[in-house]
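**Student:** Structure provided below as structure tokens; questions to follow.
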Amino acid sequence: MMEIPFAAIQISTDEWIFWQSESWPTVKLNATIAFTWLIMALLVLGSWFVTRGLSSGVNIPRFQNVVEVLITTMRDQIRDVSRQDPGRYLPFVGTLFLFIALSNLMTVVPGYRPPTGSLSTTAALATCVFVAVPLYGVSSQGMAGYLRHYVRPTVLMLPFNIIGEVSRTLALAVRLYGNMMSGTVIAAILIGFVPLFVPVLMQLLGLLTGMIQAYIFAVLAMVYIASATKVIRQSHLRNQTDVETQHAD
Amino acid sequence: MQGADIIALGSIVTAGLTIAIGSIGPAIGEGRAVSQALSSIAQQPDSSNTITRTLFVGLAMIESTAIYCFVVSMILLFANPFWNHLTQQ
């Protein structure tokens with residue numbers, strides 16, 4: 001009779017509580033918040049440390065090189081996906097990617113549980129995207145131009161467009177949560193009957209899934225933002241290329 | 001059977017059925033998407049970057065349906081609201 005450690009199976013890291021206030025029982029510090037703070041501290045300290053000795057010479061510090069590669073790749077990806085200048089979107093989308101990627105990669109550290117394995121974190125991140133889409137849309141097309149998206153192609157599509165807006169936010173949250181939670185739960189179940197070697201392979205697979213999910217979250221956020229900002233920019237770009245080709249002729 | 005038995009039986013059977021049936025569709029879909037993408041890359045190796053990125057995003061979209069089923073079955077097994085309601089009485 002094998003025993004599966006059900007205590008190890010936690011659907012959410014919210015239930016793992018480090019500290020609880022005695023006079024205010026609702027005020028508590030659970031693993032999700034603690035590890036989110038850890039990730040934030042790592043990211044902030046890392047950026048602070050890397051940007052201390054920036055140089056534009058031939059010999060650059062090695063960590064500056066790493067960050068430059070990251071930023072260049074992110075800018076290229078954003079430019080490919082949105083077909084716009086990446087400068088406006090890099091702070092938001094890049095931060096989303098770095099936060100999710102780091103919190104998923106840190107699962108190699110024993111005792112660490114990714115904060116993305118909690119629906120609270122992923123719902124918060126998805127809400128950020130949900131808010132950022134109209135902000136970017138309105139700032140690039142104006143209020144009327146953005147709202148016109150909802151009645152396209154006909155007014156009949158208005159309810160479906162609104163439902164789509166909400167449901168894709170839900171999908172964004174549940175997708176990341178489900179992927180990260182499934183890794184933890186499957187590892188806990190496997191430890192119950194194959195304690196050797198197989199959980200390590202699942203961990204490796206989890207690392208890969210974590211990176212892919214971080215990438216997908218960022219790309220989907222970019223796709224949603226781009227779909228709210230696209231129309232005018234694209235026709236503008238097309239006119240520009242037309243002019244350029246005429247000049248070339 | 002008492003209420004608890006019915007809820008336990010129903011939850012377990014439904015959880016199994018959810019993940020079993022729910023993984024059929026995404027599996028077929030992902031297989032078709034990957035095979036189509038591979039033949040596209042074989043035909044146009046130059047645009048493999050775009051194809052791969054679109055493939056990943058599409059796979060994530062397809063996979064999320066399976067993930068929904070997984071989440072539902074996990075909730076049924078480990079965080080069943082009806083079971084919790086019954087046992088907390």
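Quick note on naming: the chains in the structure tokens go A, B, ... in the order shown, residues restart at 1 in each chain, and ligands are numbered from 1 in order of appearance.
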Please identify all residues of chain A having at least one atom at most 7 Å from any atom of chain B, considering only C-alpha atoms, and return them as a ChimeraX atom specification.

**Tutor:** /A:175,178-179,216

**Student:** Would you mind exporting the chosen residues as an mmCIF file, in the first residue's frame, restricted to C-alpha atoms?

**Tutor:**
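Full text of part.cif as output:
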```cif
data_model
loop_
_atom_site.group_PDB
_atom_site.id
_atom_site.type_symbol
_atom_site.label_atom_id
_atom_site.label_comp_id
_atom_site.auth_asym_id
_atom_site.auth_seq_id
_atom_site.Cartn_x
_atom_site.Cartn_y
_atom_site.Cartn_z
ATOM 1 C CA ARG A 175 -3.367 29.233 -17.982
ATOM 2 C CA GLY A 178 -2.712 25.788 -14.127
ATOM 3 C CA ASN A 179 0.654 25.199 -15.710
ATOM 4 C CA ILE A 216 3.637 33.130 -23.828
#
```

**Student:** So which residues touch Phe217 (chain A) within 8 Å, counting only C-alpha atoms, skipping near sequence neighbours fewer than 3 positions away, as a PyMOL selection string?

**Tutor:** chain A and resi 96-97+172+176+213-214+220-221

**Student:** Could you check how far CA of Gln89 (chain B) sits from CA of Leu119 (chain A), in Å to one decimal?

**Tutor:** 26.9 Å

**Student:** Which polymer residues have any atom within 8 Å of an atom of region 209-212 of chain A, counting only C-alpha atoms, with same-chain residues fewer than 2 positions away left out, as an mmCIF file with N, CA and C atoms, in the first residue's frame?

**Tutor:**
```cif
data_model
loop_
_atom_site.group_PDB
_atom_site.id
_atom_site.type_symbol
_atom_site.label_atom_id
_atom_site.label_comp_id
_atom_site.auth_asym_id
_atom_site.auth_seq_id
_atom_site.Cartn_x
_atom_site.Cartn_y
_atom_site.Cartn_z
ATOM 1 N N ALA A 101 9.351 34.827 -15.494
ATOM 2 C CA ALA A 101 10.458 33.916 -15.798
ATOM 3 C C ALA A 101 11.298 33.659 -14.559
ATOM 4 N N ASN A 104 9.475 31.484 -12.059
ATOM 5 C CA ASN A 104 9.378 30.085 -12.468
ATOM 6 C C ASN A 104 10.740 29.401 -12.432
ATOM 7 N N LEU A 105 11.795 30.143 -12.763
ATOM 8 C CA LEU A 105 13.135 29.543 -12.785
ATOM 9 C C LEU A 105 13.627 29.230 -11.380
ATOM 10 N N ASN A 179 -0.627 25.787 -15.311
ATOM 11 C CA ASN A 179 0.654 25.199 -15.710
ATOM 12 C C ASN A 179 1.607 25.082 -14.535
ATOM 13 N N MET A 180 1.711 26.159 -13.743
ATOM 14 C CA MET A 180 2.666 26.109 -12.634
ATOM 15 C C MET A 180 2.174 25.187 -11.531
ATOM 16 N N LEU A 205 11.178 19.293 -16.753
ATOM 17 C CA LEU A 205 10.076 19.642 -17.641
ATOM 18 C C LEU A 205 9.358 20.892 -17.141
ATOM 19 N N GLY A 206 9.247 20.982 -15.789
ATOM 20 C CA GLY A 206 8.603 22.148 -15.202
ATOM 21 C C GLY A 206 9.362 23.428 -15.491
ATOM 22 N N LEU A 207 10.712 23.353 -15.457
ATOM 23 C CA LEU A 207 11.524 24.531 -15.792
ATOM 24 C C LEU A 207 11.236 24.983 -17.219
ATOM 25 N N ALA A 214 6.193 31.908 -19.339
ATOM 26 C CA ALA A 214 6.563 33.319 -19.195
ATOM 27 C C ALA A 214 6.574 33.998 -20.561
ATOM 28 N N TYR A 215 7.171 33.323 -21.540
ATOM 29 C CA TYR A 215 7.230 33.874 -22.899
ATOM 30 C C TYR A 215 5.827 34.089 -23.450
ATOM 31 N N ILE A 216 4.986 33.060 -23.255
ATOM 32 C CA ILE A 216 3.637 33.130 -23.828
ATOM 33 C C ILE A 216 2.824 34.223 -23.159
#
```

**Student:** Per DSSP on the backbone, filter region 50-181 of chain A down to the residues in alpha helix (DSSP H) and report them as number ranges by chain.

**Tutor:** A: 50, 62-82, 90-105, 119-147, 158-181

**Student:** Within 10 Å of Gly29 (chain B), counting only C-alpha atoms, which residues qualify if same-chain residues fewer than 3 places away don't, as a PyMOL selection string?

**Tutor:** chain B and resi 23-26+32-34+58-59+62-63

**Student:** Would you save the residues from that selection as a PDB file, in the first residue's frame, using N, CA and C atoms?

**Tutor:**
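Dumped everything to out_10.pdb:
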```pdb
ATOM      1  N   SER B  23      -8.688  15.994 -22.304  1.00  0.00           N
ATOM      2  CA  SER B  23      -7.375  16.001 -22.943  1.00  0.00           C
ATOM      3  C   SER B  23      -7.421  15.461 -24.362  1.00  0.00           C
ATOM      4  N   ILE B  24      -8.559  14.868 -24.764  1.00  0.00           N
ATOM      5  CA  ILE B  24      -8.626  14.318 -26.131  1.00  0.00           C
ATOM      6  C   ILE B  24      -8.561  15.443 -27.159  1.00  0.00           C
ATOM      7  N   GLY B  25      -9.429  16.429 -26.980  1.00  0.00           N
ATOM      8  CA  GLY B  25      -9.507  17.505 -27.957  1.00  0.00           C
ATOM      9  C   GLY B  25      -8.199  18.255 -28.126  1.00  0.00           C
ATOM     10  N   PRO B  26      -7.624  18.782 -27.020  1.00  0.00           N
ATOM     11  CA  PRO B  26      -6.340  19.486 -27.149  1.00  0.00           C
ATOM     12  C   PRO B  26      -5.243  18.617 -27.738  1.00  0.00           C
ATOM     13  N   ARG B  32      -2.280  18.230 -34.733  1.00  0.00           N
ATOM     14  CA  ARG B  32      -2.515  18.804 -36.065  1.00  0.00           C
ATOM     15  C   ARG B  32      -1.709  20.084 -36.258  1.00  0.00           C
ATOM     16  N   ALA B  33      -1.695  20.932 -35.204  1.00  0.00           N
ATOM     17  CA  ALA B  33      -0.970  22.204 -35.323  1.00  0.00           C
ATOM     18  C   ALA B  33       0.514  21.965 -35.548  1.00  0.00           C
ATOM     19  N   VAL B  34       1.097  21.035 -34.774  1.00  0.00           N
ATOM     20  CA  VAL B  34       2.535  20.801 -34.905  1.00  0.00           C
ATOM     21  C   VAL B  34       2.861  20.205 -36.272  1.00  0.00           C
ATOM     22  N   GLY B  58      -0.030  29.600 -30.361  1.00  0.00           N
ATOM     23  CA  GLY B  58      -1.218  28.802 -30.657  1.00  0.00           C
ATOM     24  C   GLY B  58      -1.307  27.573 -29.779  1.00  0.00           C
ATOM     25  N   LEU B  59      -0.156  26.917 -29.575  1.00  0.00           N
ATOM     26  CA  LEU B  59      -0.150  25.735 -28.716  1.00  0.00           C
ATOM     27  C   LEU B  59      -0.584  26.099 -27.311  1.00  0.00           C
ATOM     28  N   ILE B  62      -4.274  26.379 -27.326  1.00  0.00           N
ATOM     29  CA  ILE B  62      -4.939  25.078 -27.383  1.00  0.00           C
ATOM     30  C   ILE B  62      -4.801  24.368 -26.045  1.00  0.00           C
ATOM     31  N   GLU B  63      -3.565  24.447 -25.509  1.00  0.00           N
ATOM     32  CA  GLU B  63      -3.289  23.719 -24.284  1.00  0.00           C
ATOM     33  C   GLU B  63      -4.109  24.245 -23.122  1.00  0.00           C
TER      34      GLU B  63
END
```

**Student:** List the spatial neighbours of region 10-18 of chain B as a PyMOL selection string - criterion: any atom at most 6 Å away, only C-alpha atoms, same-chain residues fewer than 3 positions off excluded.

**Tutor:** chain B and resi 6-7+21-22+69+73+76

**Student:** Could you take the residues named above and write them with N, CA and C atoms, as a JSON list (two decimals), in the first residue's frame?

**Tutor:**
```
[["chain", "number", "residue", "atom", "x", "y", "z"],
["B", 6, "ILE", "N", -21.96, 10.04, -1.69],
["B", 6, "ILE", "CA", -22.37, 10.43, -3.05],
["B", 6, "ILE", "C", -21.46, 11.52, -3.58],
["B", 7, "ILE", "N", -21.15, 12.50, -2.71],
["B", 7, "ILE", "CA", -20.29, 13.60, -3.16],
["B", 7, "ILE", "C", -18.89, 13.09, -3.49],
["B", 21, "ILE", "N", -11.64, 13.09, -20.87],
["B", 21, "ILE", "CA", -12.29, 13.61, -22.08],
["B", 21, "ILE", "C", -11.65, 14.94, -22.48],
["B", 22, "GLY", "N", -11.31, 15.74, -21.45],
["B", 22, "GLY", "CA", -10.81, 17.07, -21.75],
["B", 22, "GLY", "C", -9.44, 17.09, -22.40],
["B", 69, "CYS", "N", -9.44, 21.91, -17.82],
["B", 69, "CYS", "CA", -9.96, 20.62, -17.34],
["B", 69, "CYS", "C", -9.13, 20.13, -16.16],
["B", 73, "SER", "N", -10.47, 19.36, -12.40],
["B", 73, "SER", "CA", -10.37, 18.07, -11.73],
["B", 73, "SER", "C", -9.57, 18.18, -10.44],
["B", 76, "LEU", "N", -11.88, 19.51, -7.88],
["B", 76, "LEU", "CA", -12.80, 18.46, -7.43],
["B", 76, "LEU", "C", -12.12, 17.52, -6.46]]
```

**Student:** Taking the DSSP assignment computed from this structure's backbone, write out as a ChimeraX atom specification all residues of region 4-73 of chain A that belong to strand (DSSP E or B).

**Tutor:** /A:17-20,28-30

**Student:** Write to file, as a PDB file, in the first residue's frame, the residues of the selection just made, with N, CA and C atoms.

**Tutor:**
```pdb
ATOM      1  N   ILE A  17       1.146  29.449   5.366  1.00  0.00           N
ATOM      2  CA  ILE A  17       1.182  30.743   6.055  1.00  0.00           C
ATOM      3  C   ILE A  17       2.416  30.818   6.947  1.00  0.00           C
ATOM      4  N   PHE A  18       3.184  31.875   6.765  1.00  0.00           N
ATOM      5  CA  PHE A  18       4.392  32.080   7.561  1.00  0.00           C
ATOM      6  C   PHE A  18       4.078  32.769   8.883  1.00  0.00           C
ATOM      7  N   TRP A  19       3.235  33.762   8.815  1.00  0.00           N
ATOM      8  CA  TRP A  19       3.018  34.601   9.976  1.00  0.00           C
ATOM      9  C   TRP A  19       1.600  35.136   9.943  1.00  0.00           C
ATOM     10  N   GLN A  20       0.962  35.164  11.111  1.00  0.00           N
ATOM     11  CA  GLN A  20      -0.404  35.658  11.182  1.00  0.00           C
ATOM     12  C   GLN A  20      -0.522  36.607  12.358  1.00  0.00           C
ATOM     13  N   LYS A  28      -2.256  38.304   7.266  1.00  0.00           N
ATOM     14  CA  LYS A  28      -1.289  37.216   7.377  1.00  0.00           C
ATOM     15  C   LYS A  28      -0.319  37.268   6.214  1.00  0.00           C
ATOM     16  N   LEU A  29       0.826  36.679   6.469  1.00  0.00           N
ATOM     17  CA  LEU A  29       1.886  36.657   5.452  1.00  0.00           C
ATOM     18  C   LEU A  29       1.978  35.231   4.936  1.00  0.00           C
ATOM     19  N   ASN A  30       1.426  34.999   3.737  1.00  0.00           N
ATOM     20  CA  ASN A  30       1.502  33.631   3.212  1.00  0.00           C
ATOM     21  C   ASN A  30       2.666  33.506   2.244  1.00  0.00           C
TER      22      ASN A  30
END
```

**Student:** Please compute the CA of Glu30 (chain B)-CA of Leu201 (chain A) distance, one decimal, in Å.

**Tutor:**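 Computing the Euclidean distance for CA of Glu30 (chain B) and CA of Leu201 (chain A) yields 22.4 Å.
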
**Student:** So what do you get for CA of Leu102 (chain A) versus CA of Val69 (chain A), distance-wise?

**Tutor:**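 Computing it gives 16.0 Å between the two atoms.
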
**Student:** I want to know what sits within 10 Å of Gly87 (chain A), based on only C-alpha atoms, with residues of the same chain fewer than 3 positions away left out; could you give that as a ChimeraX atom specification?

**Tutor:** /A:75,78-79,84,90-91

**Student:** Okay, now the selection with C-alpha atoms, as a CSV table (one decimal), in the first residue's frame?

**Tutor:**
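The resulting out.csv:
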```
chain,number,residue,atom,x,y,z
A,75,ARG,CA,12.8,44.5,-28.1
A,78,ILE,CA,8.0,43.0,-29.3
A,79,ARG,CA,8.8,44.6,-32.6
A,84,GLN,CA,5.5,48.9,-33.9
A,90,LEU,CA,9.2,47.3,-23.3
A,91,PRO,CA,8.8,48.5,-19.7
```

**Student:** For Val81 (chain A), please output as a PDB file with N, CA and C atoms, in the first residue's frame all residues within 8 Å (counting only C-alpha atoms; exclusion window: fewer than 6 positions along the same chain).

**Tutor:**
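Printed below is part.pdb as written:
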```pdb
ATOM      1  N   VAL A 219       4.019  37.437 -24.659  1.00  0.00           N
ATOM      2  CA  VAL A 219       3.614  37.598 -26.056  1.00  0.00           C
ATOM      3  C   VAL A 219       2.123  37.854 -26.161  1.00  0.00           C
ATOM      4  N   MET A 222       1.334  41.305 -25.254  1.00  0.00           N
ATOM      5  CA  MET A 222       1.727  42.186 -26.356  1.00  0.00           C
ATOM      6  C   MET A 222       0.720  42.100 -27.491  1.00  0.00           C
ATOM      7  N   VAL A 223       0.238  40.887 -27.778  1.00  0.00           N
ATOM      8  CA  VAL A 223      -0.740  40.735 -28.861  1.00  0.00           C
ATOM      9  C   VAL A 223      -2.018  41.486 -28.525  1.00  0.00           C
ATOM     10  N   ALA A 226      -1.311  45.143 -28.833  1.00  0.00           N
ATOM     11  CA  ALA A 226      -1.137  45.524 -30.234  1.00  0.00           C
ATOM     12  C   ALA A 226      -2.475  45.553 -30.951  1.00  0.00           C
TER      13      ALA A 226
END
```
